[in-house]
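Student: Shown below is the structure under consideration.
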Amino acid sequence: MLETDLASNLRRLTEQDHELFAQFESSSLEQDLDDAFVELDHWAVFGSLEQNRLVSAASMYPWMGKANLADIGVLTLAPFRGQRHGRSVVRSIAQYACQQGAQPQFRCRLDQQESIALAQAAGLTLFGTWEVISPDSNEWELE
C-alpha cells in the first residue's frame, strides 16, 4: 500500500480550487507547465500545500483514450523541490488510480534525471522505453 508522509498537507483538488491552482500556475515557469501537463480539469488532481499555498500538484487523465491506463503529470514549484512534495502527490494519485481500477503511468524523457529520481522515490519502477522519431528527423526523408 502506498503511504504519504505529508497527509495533513495533501489533498485531492477540485474545481473549487480554481483560484489556488491559478496562483500555482502563475508561480510556475511556462516551460515547466508545458513539460508537466498538470491541469485542474483532468480526471483526478492532487496537491500538496504549505501554509495554504499549493506547492506541488499531480494530475492524471486516461492515456490514449484507455480508461484503465492513467497518465500522471507532476509539477513542484522550484523553491519546494527536494522536500518530498512531488513524491507525496505522485504516490497519492497513483494509489487513487489503483483504487479506481486504473494502472498509473508516469512518463518522462530518459534525460530528465529529476523526474526519474522522483518516480523511483515514489515507488514506481521502469516498465519500458519508447523511441519516437521526430517528423523533423532526417530519418523520414526518402532518397
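Here, A, B, ... name the chains of the C-alpha cells in the order displayed, residue numbers run from 1 inside each chain, and ligands are numbered from 1 in the same displayed order.
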At a cut-off of 10 Å, using only C-alpha atoms, what residues contact A:Glu25? Leave out same-chain residues fewer than 3 positions from it and give the result as an mmCIF file with N, CA, C and O atoms, in the first residue's frame.

Tutor:
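Output saved as selection.cif:
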data_model
loop_
_atom_site.group_PDB
_atom_site.id
_atom_site.type_symbol
_atom_site.label_atom_id
_atom_site.label_comp_id
_atom_site.auth_asym_id
_atom_site.auth_seq_id
_atom_site.Cartn_x
_atom_site.Cartn_y
_atom_site.Cartn_z
ATOM 1 N N GLU A 19 -8.888 29.113 -7.918
ATOM 2 C CA GLU A 19 -8.030 30.259 -7.579
ATOM 3 C C GLU A 19 -6.678 29.785 -7.039
ATOM 4 O O GLU A 19 -5.629 30.309 -7.407
ATOM 5 N N LEU A 20 -6.691 28.788 -6.183
ATOM 6 C CA LEU A 20 -5.462 28.219 -5.635
ATOM 7 C C LEU A 20 -4.581 27.671 -6.759
ATOM 8 O O LEU A 20 -3.375 27.903 -6.793
ATOM 9 N N PHE A 21 -5.207 26.973 -7.709
ATOM 10 C CA PHE A 21 -4.473 26.395 -8.834
ATOM 11 C C PHE A 21 -3.951 27.480 -9.772
ATOM 12 O O PHE A 21 -2.839 27.386 -10.285
ATOM 13 N N ALA A 22 -4.739 28.530 -9.974
ATOM 14 C CA ALA A 22 -4.307 29.642 -10.833
ATOM 15 C C ALA A 22 -3.077 30.325 -10.241
ATOM 16 O O ALA A 22 -2.151 30.699 -10.976
ATOM 17 N N SER A 28 4.680 29.296 -11.672
ATOM 18 C CA SER A 28 5.462 28.294 -12.401
ATOM 19 C C SER A 28 6.037 28.868 -13.680
ATOM 20 O O SER A 28 5.459 29.783 -14.279
ATOM 21 N N LEU A 29 7.152 28.316 -14.104
ATOM 22 C CA LEU A 29 7.724 28.691 -15.397
ATOM 23 C C LEU A 29 6.887 28.075 -16.507
ATOM 24 O O LEU A 29 6.387 26.951 -16.375
ATOM 25 N N GLU A 30 6.757 28.782 -17.608
ATOM 26 C CA GLU A 30 5.965 28.298 -18.746
ATOM 27 C C GLU A 30 6.466 26.942 -19.245
ATOM 28 O O GLU A 30 5.677 26.044 -19.537
ATOM 29 N N ASP A 32 8.036 24.628 -17.523
ATOM 30 C CA ASP A 32 7.659 23.612 -16.539
ATOM 31 C C ASP A 32 6.195 23.219 -16.705
ATOM 32 O O ASP A 32 5.840 22.036 -16.625
ATOM 33 N N LEU A 33 5.329 24.194 -16.934
ATOM 34 C CA LEU A 33 3.903 23.909 -17.148
ATOM 35 C C LEU A 33 3.706 23.046 -18.385
ATOM 36 O O LEU A 33 2.920 22.085 -18.364
ATOM 37 N N VAL A 38 0.056 19.383 -16.123
ATOM 38 C CA VAL A 38 -0.799 19.227 -14.959
ATOM 39 C C VAL A 38 -1.947 20.219 -15.126
ATOM 40 O O VAL A 38 -1.720 21.416 -15.247
ATOM 41 N N GLU A 39 -3.168 19.698 -15.141
ATOM 42 C CA GLU A 39 -4.348 20.530 -15.385
ATOM 43 C C GLU A 39 -5.416 20.245 -14.331
ATOM 44 O O GLU A 39 -5.635 19.093 -13.957
ATOM 45 N N LEU A 54 -0.464 26.166 -2.663
ATOM 46 C CA LEU A 54 -0.228 24.962 -3.451
ATOM 47 C C LEU A 54 1.203 25.007 -3.968
ATOM 48 O O LEU A 54 1.588 25.930 -4.680
ATOM 49 N N VAL A 55 2.012 24.004 -3.581
ATOM 50 C CA VAL A 55 3.420 24.000 -3.967
ATOM 51 C C VAL A 55 3.766 22.844 -4.899
ATOM 52 O O VAL A 55 4.823 22.855 -5.539
ATOM 53 N N LEU A 75 4.117 18.559 -11.116
ATOM 54 C CA LEU A 75 4.910 19.779 -11.115
ATOM 55 C C LEU A 75 5.044 20.276 -9.683
ATOM 56 O O LEU A 75 4.051 20.356 -8.955
ATOM 57 N N LEU A 77 6.788 23.511 -7.523
ATOM 58 C CA LEU A 77 7.439 24.816 -7.654
ATOM 59 C C LEU A 77 8.907 24.700 -7.258
ATOM 60 O O LEU A 77 9.245 24.007 -6.291
#

Student: What's around stretch 124-134 of chain A at 12 Å? Count only C-alpha atoms, leave out sequence neighbours fewer than 6 positions away in its own chain, and write the answer as a short mmCIF file (atom, residue, chain, number, x, y, z; two decimals) with all heavy atoms, in the first residue's frame.

Tutor:
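The resulting file, part-v9.cif, is reproduced below:
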data_model
loop_
_atom_site.label_atom_id
_atom_site.label_comp_id
_atom_site.auth_asym_id
_atom_site.auth_seq_id
_atom_site.Cartn_x
_atom_site.Cartn_y
_atom_site.Cartn_z
N LEU A 2 0.54 2.18 -0.82
CA LEU A 2 1.28 3.43 -0.87
C LEU A 2 0.87 4.30 0.30
O LEU A 2 -0.29 4.41 0.64
CB LEU A 2 0.98 4.16 -2.18
CG LEU A 2 1.42 3.47 -3.45
CD1 LEU A 2 0.94 4.26 -4.65
CD2 LEU A 2 2.91 3.30 -3.50
N ILE A 72 0.15 10.20 -15.58
CA ILE A 72 0.38 11.15 -14.49
C ILE A 72 1.36 12.24 -14.92
O ILE A 72 2.39 11.95 -15.48
CB ILE A 72 0.96 10.43 -13.25
CG1 ILE A 72 0.00 9.38 -12.73
CG2 ILE A 72 1.30 11.44 -12.15
CD1 ILE A 72 0.58 8.51 -11.64
N ARG A 87 6.95 13.66 -4.53
CA ARG A 87 6.83 12.24 -4.23
C ARG A 87 5.47 11.94 -3.60
O ARG A 87 4.80 10.97 -3.97
CB ARG A 87 7.94 11.80 -3.28
CG ARG A 87 7.85 10.32 -2.94
CD ARG A 87 8.94 9.93 -1.99
NE ARG A 87 8.48 10.16 -0.63
CZ ARG A 87 9.07 9.69 0.44
NH1 ARG A 87 10.20 9.01 0.32
NH2 ARG A 87 8.59 9.90 1.63
N VAL A 90 2.57 12.20 -6.20
CA VAL A 90 2.62 11.07 -7.14
C VAL A 90 2.15 9.80 -6.46
O VAL A 90 1.36 9.04 -7.02
CB VAL A 90 4.03 10.91 -7.75
CG1 VAL A 90 4.15 9.60 -8.51
CG2 VAL A 90 4.35 12.08 -8.67
N ARG A 91 2.61 9.54 -5.26
CA ARG A 91 2.18 8.34 -4.54
C ARG A 91 0.67 8.37 -4.30
O ARG A 91 -0.02 7.37 -4.46
CB ARG A 91 2.93 8.21 -3.23
CG ARG A 91 4.39 7.82 -3.42
CD ARG A 91 5.15 7.85 -2.11
NE ARG A 91 4.73 6.78 -1.23
CZ ARG A 91 5.43 5.68 -1.01
NH1 ARG A 91 6.57 5.51 -1.62
NH2 ARG A 91 4.98 4.76 -0.19
N ALA A 94 -1.25 7.92 -7.63
CA ALA A 94 -1.09 6.54 -8.11
C ALA A 94 -1.96 5.60 -7.29
O ALA A 94 -2.60 4.68 -7.83
CB ALA A 94 0.38 6.13 -8.03
N GLN A 95 -2.01 5.81 -5.99
CA GLN A 95 -2.87 4.99 -5.13
C GLN A 95 -4.34 5.18 -5.53
O GLN A 95 -5.10 4.22 -5.63
CB GLN A 95 -2.67 5.37 -3.66
CG GLN A 95 -3.51 4.55 -2.71
CD GLN A 95 -3.26 4.91 -1.26
OE1 GLN A 95 -2.84 6.03 -0.95
NE2 GLN A 95 -3.52 3.99 -0.37
N GLN A 103 -4.38 1.66 -14.08
CA GLN A 103 -2.94 1.47 -13.92
C GLN A 103 -2.27 2.84 -14.08
O GLN A 103 -2.38 3.46 -15.13
CB GLN A 103 -2.39 0.52 -14.98
CG GLN A 103 -2.88 -0.90 -14.83
CD GLN A 103 -2.33 -1.54 -13.58
OE1 GLN A 103 -1.17 -1.39 -13.24
NE2 GLN A 103 -3.19 -2.25 -12.86
N PRO A 104 -1.58 3.32 -13.04
CA PRO A 104 -0.90 4.61 -13.17
C PRO A 104 0.32 4.49 -14.07
O PRO A 104 1.01 3.48 -14.08
CB PRO A 104 -0.49 4.95 -11.74
CG PRO A 104 -0.44 3.64 -11.03
CD PRO A 104 -1.43 2.74 -11.72
N GLN A 105 0.53 5.52 -14.87
CA GLN A 105 1.67 5.57 -15.79
C GLN A 105 2.36 6.91 -15.63
O GLN A 105 1.72 7.96 -15.71
CB GLN A 105 1.15 5.41 -17.22
CG GLN A 105 2.20 5.66 -18.27
CD GLN A 105 1.63 5.52 -19.66
OE1 GLN A 105 1.74 4.47 -20.24
NE2 GLN A 105 1.02 6.56 -20.20
N PHE A 106 3.64 6.88 -15.38
CA PHE A 106 4.45 8.09 -15.22
C PHE A 106 5.46 8.08 -16.35
O PHE A 106 6.36 7.26 -16.37
CB PHE A 106 5.15 8.03 -13.85
CG PHE A 106 5.94 9.26 -13.50
CD1 PHE A 106 5.40 10.23 -12.69
CD2 PHE A 106 7.24 9.43 -13.96
CE1 PHE A 106 6.13 11.35 -12.33
CE2 PHE A 106 7.97 10.55 -13.61
CZ PHE A 106 7.42 11.52 -12.80
N ARG A 107 5.29 8.99 -17.31
CA ARG A 107 6.20 9.02 -18.46
C ARG A 107 7.11 10.23 -18.34
O ARG A 107 6.69 11.30 -17.90
CB ARG A 107 5.41 9.13 -19.77
CG ARG A 107 4.61 7.91 -20.09
CD ARG A 107 3.85 8.04 -21.40
NE ARG A 107 2.87 9.13 -21.35
CZ ARG A 107 2.83 10.13 -22.22
NH1 ARG A 107 3.68 10.20 -23.22
NH2 ARG A 107 1.93 11.07 -22.11
N CYS A 108 8.36 10.05 -18.73
CA CYS A 108 9.30 11.17 -18.81
C CYS A 108 10.42 10.80 -19.78
O CYS A 108 10.60 9.63 -20.11
CB CYS A 108 9.86 11.53 -17.43
SG CYS A 108 10.92 10.29 -16.69
N ARG A 109 11.13 11.80 -20.22
CA ARG A 109 12.28 11.56 -21.09
C ARG A 109 13.41 10.95 -20.27
O ARG A 109 13.56 11.24 -19.08
CB ARG A 109 12.73 12.86 -21.75
CG ARG A 109 11.74 13.40 -22.75
CD ARG A 109 12.31 14.54 -23.59
NE ARG A 109 13.28 15.37 -22.92
CZ ARG A 109 13.03 16.60 -22.44
NH1 ARG A 109 11.84 17.13 -22.56
NH2 ARG A 109 13.98 17.29 -21.86
N LEU A 110 14.21 10.13 -20.91
CA LEU A 110 15.31 9.47 -20.20
C LEU A 110 16.40 10.42 -19.75
O LEU A 110 17.20 10.08 -18.89
CB LEU A 110 15.90 8.36 -21.09
CG LEU A 110 14.95 7.20 -21.36
CD1 LEU A 110 15.59 6.21 -22.33
CD2 LEU A 110 14.55 6.50 -20.08
N SER A 115 13.04 13.83 -12.86
CA SER A 115 11.78 13.10 -13.00
C SER A 115 11.97 11.62 -12.73
O SER A 115 11.13 10.97 -12.08
CB SER A 115 11.19 13.30 -14.40
OG SER A 115 10.82 14.64 -14.59
N ILE A 116 13.06 11.06 -13.20
CA ILE A 116 13.36 9.65 -12.95
C ILE A 116 13.55 9.41 -11.46
O ILE A 116 13.00 8.45 -10.88
CB ILE A 116 14.58 9.19 -13.76
CG1 ILE A 116 14.24 9.19 -15.25
CG2 ILE A 116 15.07 7.82 -13.30
CD1 ILE A 116 15.43 9.00 -16.17
N ALA A 117 14.28 10.29 -10.79
CA ALA A 117 14.51 10.17 -9.35
C ALA A 117 13.19 10.29 -8.58
O ALA A 117 12.95 9.55 -7.62
CB ALA A 117 15.51 11.22 -8.87
N LEU A 118 12.31 11.19 -9.02
CA LEU A 118 11.01 11.35 -8.39
C LEU A 118 10.19 10.07 -8.53
O LEU A 118 9.60 9.59 -7.57
CB LEU A 118 10.25 12.53 -8.99
CG LEU A 118 8.78 12.67 -8.61
CD1 LEU A 118 8.60 12.83 -7.11
CD2 LEU A 118 8.15 13.83 -9.35
N TRP A 140 13.02 10.47 -41.83
CA TRP A 140 11.75 10.47 -42.56
C TRP A 140 11.94 10.75 -44.05
O TRP A 140 11.04 10.53 -44.84
CB TRP A 140 10.81 11.52 -41.97
CG TRP A 140 10.21 11.10 -40.66
CD1 TRP A 140 10.67 11.44 -39.42
CD2 TRP A 140 9.09 10.25 -40.45
NE1 TRP A 140 9.90 10.87 -38.46
CE2 TRP A 140 8.91 10.13 -39.07
CE3 TRP A 140 8.20 9.61 -41.29
CZ2 TRP A 140 7.87 9.39 -38.50
CZ3 TRP A 140 7.17 8.86 -40.73
CH2 TRP A 140 7.02 8.75 -39.38
N GLU A 141 13.08 11.28 -44.38
CA GLU A 141 13.30 11.67 -45.78
C GLU A 141 13.57 10.45 -46.65
O GLU A 141 14.30 9.55 -46.29
CB GLU A 141 14.49 12.63 -45.86
CG GLU A 141 14.21 13.95 -45.19
CD GLU A 141 15.40 14.89 -45.27
OE1 GLU A 141 16.29 14.67 -46.11
OE2 GLU A 141 15.41 15.86 -44.47
#

Student: Given the choices A:Arg84, A:Leu69, A:Ile93, A:Glu114, which gets closest to A:Leu49 if the distance is worked out from only C-alpha atoms?

Tutor: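 With only C-alpha atoms as the atom set, the closest residue is A:Arg84.
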
Student: Give the strand (DSSP E) residues of chain A, as assigned by DSSP on the backbone, as a ChimeraX atom specification.

Tutor: /A:10-12,44-50,53-62,69-76,103-106

Student: Tell me which protein, DNA and RNA residues are within 10 Å of A:Leu10, counting only C-alpha atoms, leaving out same-chain ones fewer than 6 positions away, and put them as a ChimeraX atom specification.

Tutor: /A:4,46-50,54,56-57,85,88-89,92

Student: Save out the residues we just selected, C-alpha atoms, as a JSON list (two decimals), in the first residue's frame.

Tutor:
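Result file again_14.json:
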[["chain", "number", "residue", "atom", "x", "y", "z"],
["A", 4, "THR", "CA", 2.06, 9.53, 2.12],
["A", 46, "PHE", "CA", -3.89, 16.01, -6.06],
["A", 47, "GLY", "CA", -1.95, 18.81, -4.44],
["A", 48, "SER", "CA", 0.50, 19.39, -1.63],
["A", 49, "LEU", "CA", 0.09, 22.62, 0.28],
["A", 50, "GLU", "CA", 2.44, 24.52, 2.50],
["A", 54, "LEU", "CA", -0.23, 24.96, -3.45],
["A", 56, "SER", "CA", 3.11, 20.73, -5.88],
["A", 57, "ALA", "CA", 0.37, 19.18, -7.99],
["A", 85, "HIS", "CA", 6.04, 17.21, -2.03],
["A", 88, "SER", "CA", 3.77, 12.54, -2.00],
["A", 89, "VAL", "CA", 1.41, 13.77, -4.72],
["A", 92, "SER", "CA", -1.29, 9.63, -3.63]]

Student: Find the residue from A:Ala78, A:Ala58, A:Cys98, A:Ala122 that sits nearest to A:Asp41; use only C-alpha atoms when measuring.

Tutor: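 Checking each candidate against A:Asp41, we get A:Ala58 as the closest.
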
Student: Quick check, in Å to one decimal: how far apart do atom CA of A:Pro79 and atom CA of A:Ser26 lie?

Tutor: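 Distance reported for this atom pair: 14.2 Å.
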
Student: Would you list, as a PyMOL selection string, the residues of chain A that end up in helix (DSSP H, G or I) under DSSP run on this structure's backbone?

Tutor: chain A and resi 7-9+15-26+30-36+63-65+78-80+85-99+113-121+138-140

Student: Counting only C-alpha atoms, what is within 6 Å of stretch 59-63 of chain A, bar same-chain residues fewer than 3 positions away, as a JSON list (two decimals) with N, CA, C and O atoms, in the first residue's frame?

Tutor:
[["chain", "number", "residue", "atom", "x", "y", "z"],
["A", 38, "VAL", "N", 0.06, 19.38, -16.12],
["A", 38, "VAL", "CA", -0.80, 19.23, -14.96],
["A", 38, "VAL", "C", -1.95, 20.22, -15.13],
["A", 38, "VAL", "O", -1.72, 21.42, -15.25],
["A", 42, "HIS", "N", -8.31, 17.70, -15.31],
["A", 42, "HIS", "CA", -8.03, 16.29, -15.60],
["A", 42, "HIS", "C", -8.89, 15.40, -14.70],
["A", 42, "HIS", "O", -9.51, 15.85, -13.75],
["A", 43, "TRP", "N", -8.86, 14.10, -15.01],
["A", 43, "TRP", "CA", -9.67, 13.10, -14.32],
["A", 43, "TRP", "C", -9.49, 13.16, -12.80],
["A", 43, "TRP", "O", -10.45, 13.05, -12.05],
["A", 44, "ALA", "N", -8.28, 13.31, -12.34],
["A", 44, "ALA", "CA", -8.00, 13.45, -10.90],
["A", 44, "ALA", "C", -6.81, 14.37, -10.73],
["A", 44, "ALA", "O", -5.89, 14.36, -11.54],
["A", 45, "VAL", "N", -6.85, 15.16, -9.66],
["A", 45, "VAL", "CA", -5.77, 16.11, -9.36],
["A", 45, "VAL", "C", -5.53, 16.09, -7.85],
["A", 45, "VAL", "O", -6.47, 16.16, -7.07],
["A", 66, "LYS", "N", -7.73, 5.15, -23.16],
["A", 66, "LYS", "CA", -7.90, 3.90, -22.44],
["A", 66, "LYS", "C", -8.25, 4.21, -20.99],
["A", 66, "LYS", "O", -7.43, 4.76, -20.26],
["A", 67, "ALA", "N", -9.44, 3.83, -20.57],
["A", 67, "ALA", "CA", -9.91, 4.16, -19.23],
["A", 67, "ALA", "C", -9.09, 3.48, -18.14],
["A", 67, "ALA", "O", -9.06, 3.93, -17.01],
["A", 69, "LEU", "N", -5.74, 3.04, -18.15],
["A", 69, "LEU", "CA", -4.36, 3.49, -18.13],
["A", 69, "LEU", "C", -4.36, 5.00, -17.85],
["A", 69, "LEU", "O", -4.82, 5.79, -18.67],
["A", 70, "ALA", "N", -3.86, 5.39, -16.67],
["A", 70, "ALA", "CA", -3.91, 6.79, -16.25],
["A", 70, "ALA", "C", -2.52, 7.41, -16.31],
["A", 70, "ALA", "O", -1.61, 6.98, -15.61],
["A", 71, "ASP", "N", -2.37, 8.41, -17.16],
["A", 71, "ASP", "CA", -1.10, 9.10, -17.34],
["A", 71, "ASP", "C", -0.96, 10.20, -16.29],
["A", 71, "ASP", "O", -1.85, 11.03, -16.15],
["A", 72, "ILE", "N", 0.15, 10.20, -15.58],
["A", 72, "ILE", "CA", 0.38, 11.15, -14.49],
["A", 72, "ILE", "C", 1.36, 12.24, -14.92],
["A", 72, "ILE", "O", 2.39, 11.95, -15.48],
["A", 73, "GLY", "N", 0.99, 13.46, -14.62],
["A", 73, "GLY", "CA", 1.90, 14.60, -14.75],
["A", 73, "GLY", "C", 2.09, 15.20, -13.37],
["A", 73, "GLY", "O", 1.17, 15.17, -12.55]]

Student: One number please: atom CA of A:Arg53 to atom CA of A:Phe24, in Å, one decimal.

Tutor: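 Between these atoms lies a distance of 7.8 Å.
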
Student: Expressed in Å to a single decimal, how great is the separation between atom CA of A:Gln112 and atom CA of A:Asp35?

Tutor: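 So the two atoms, atom CA of A:Gln112 and atom CA of A:Asp35, lie 10.6 Å apart.
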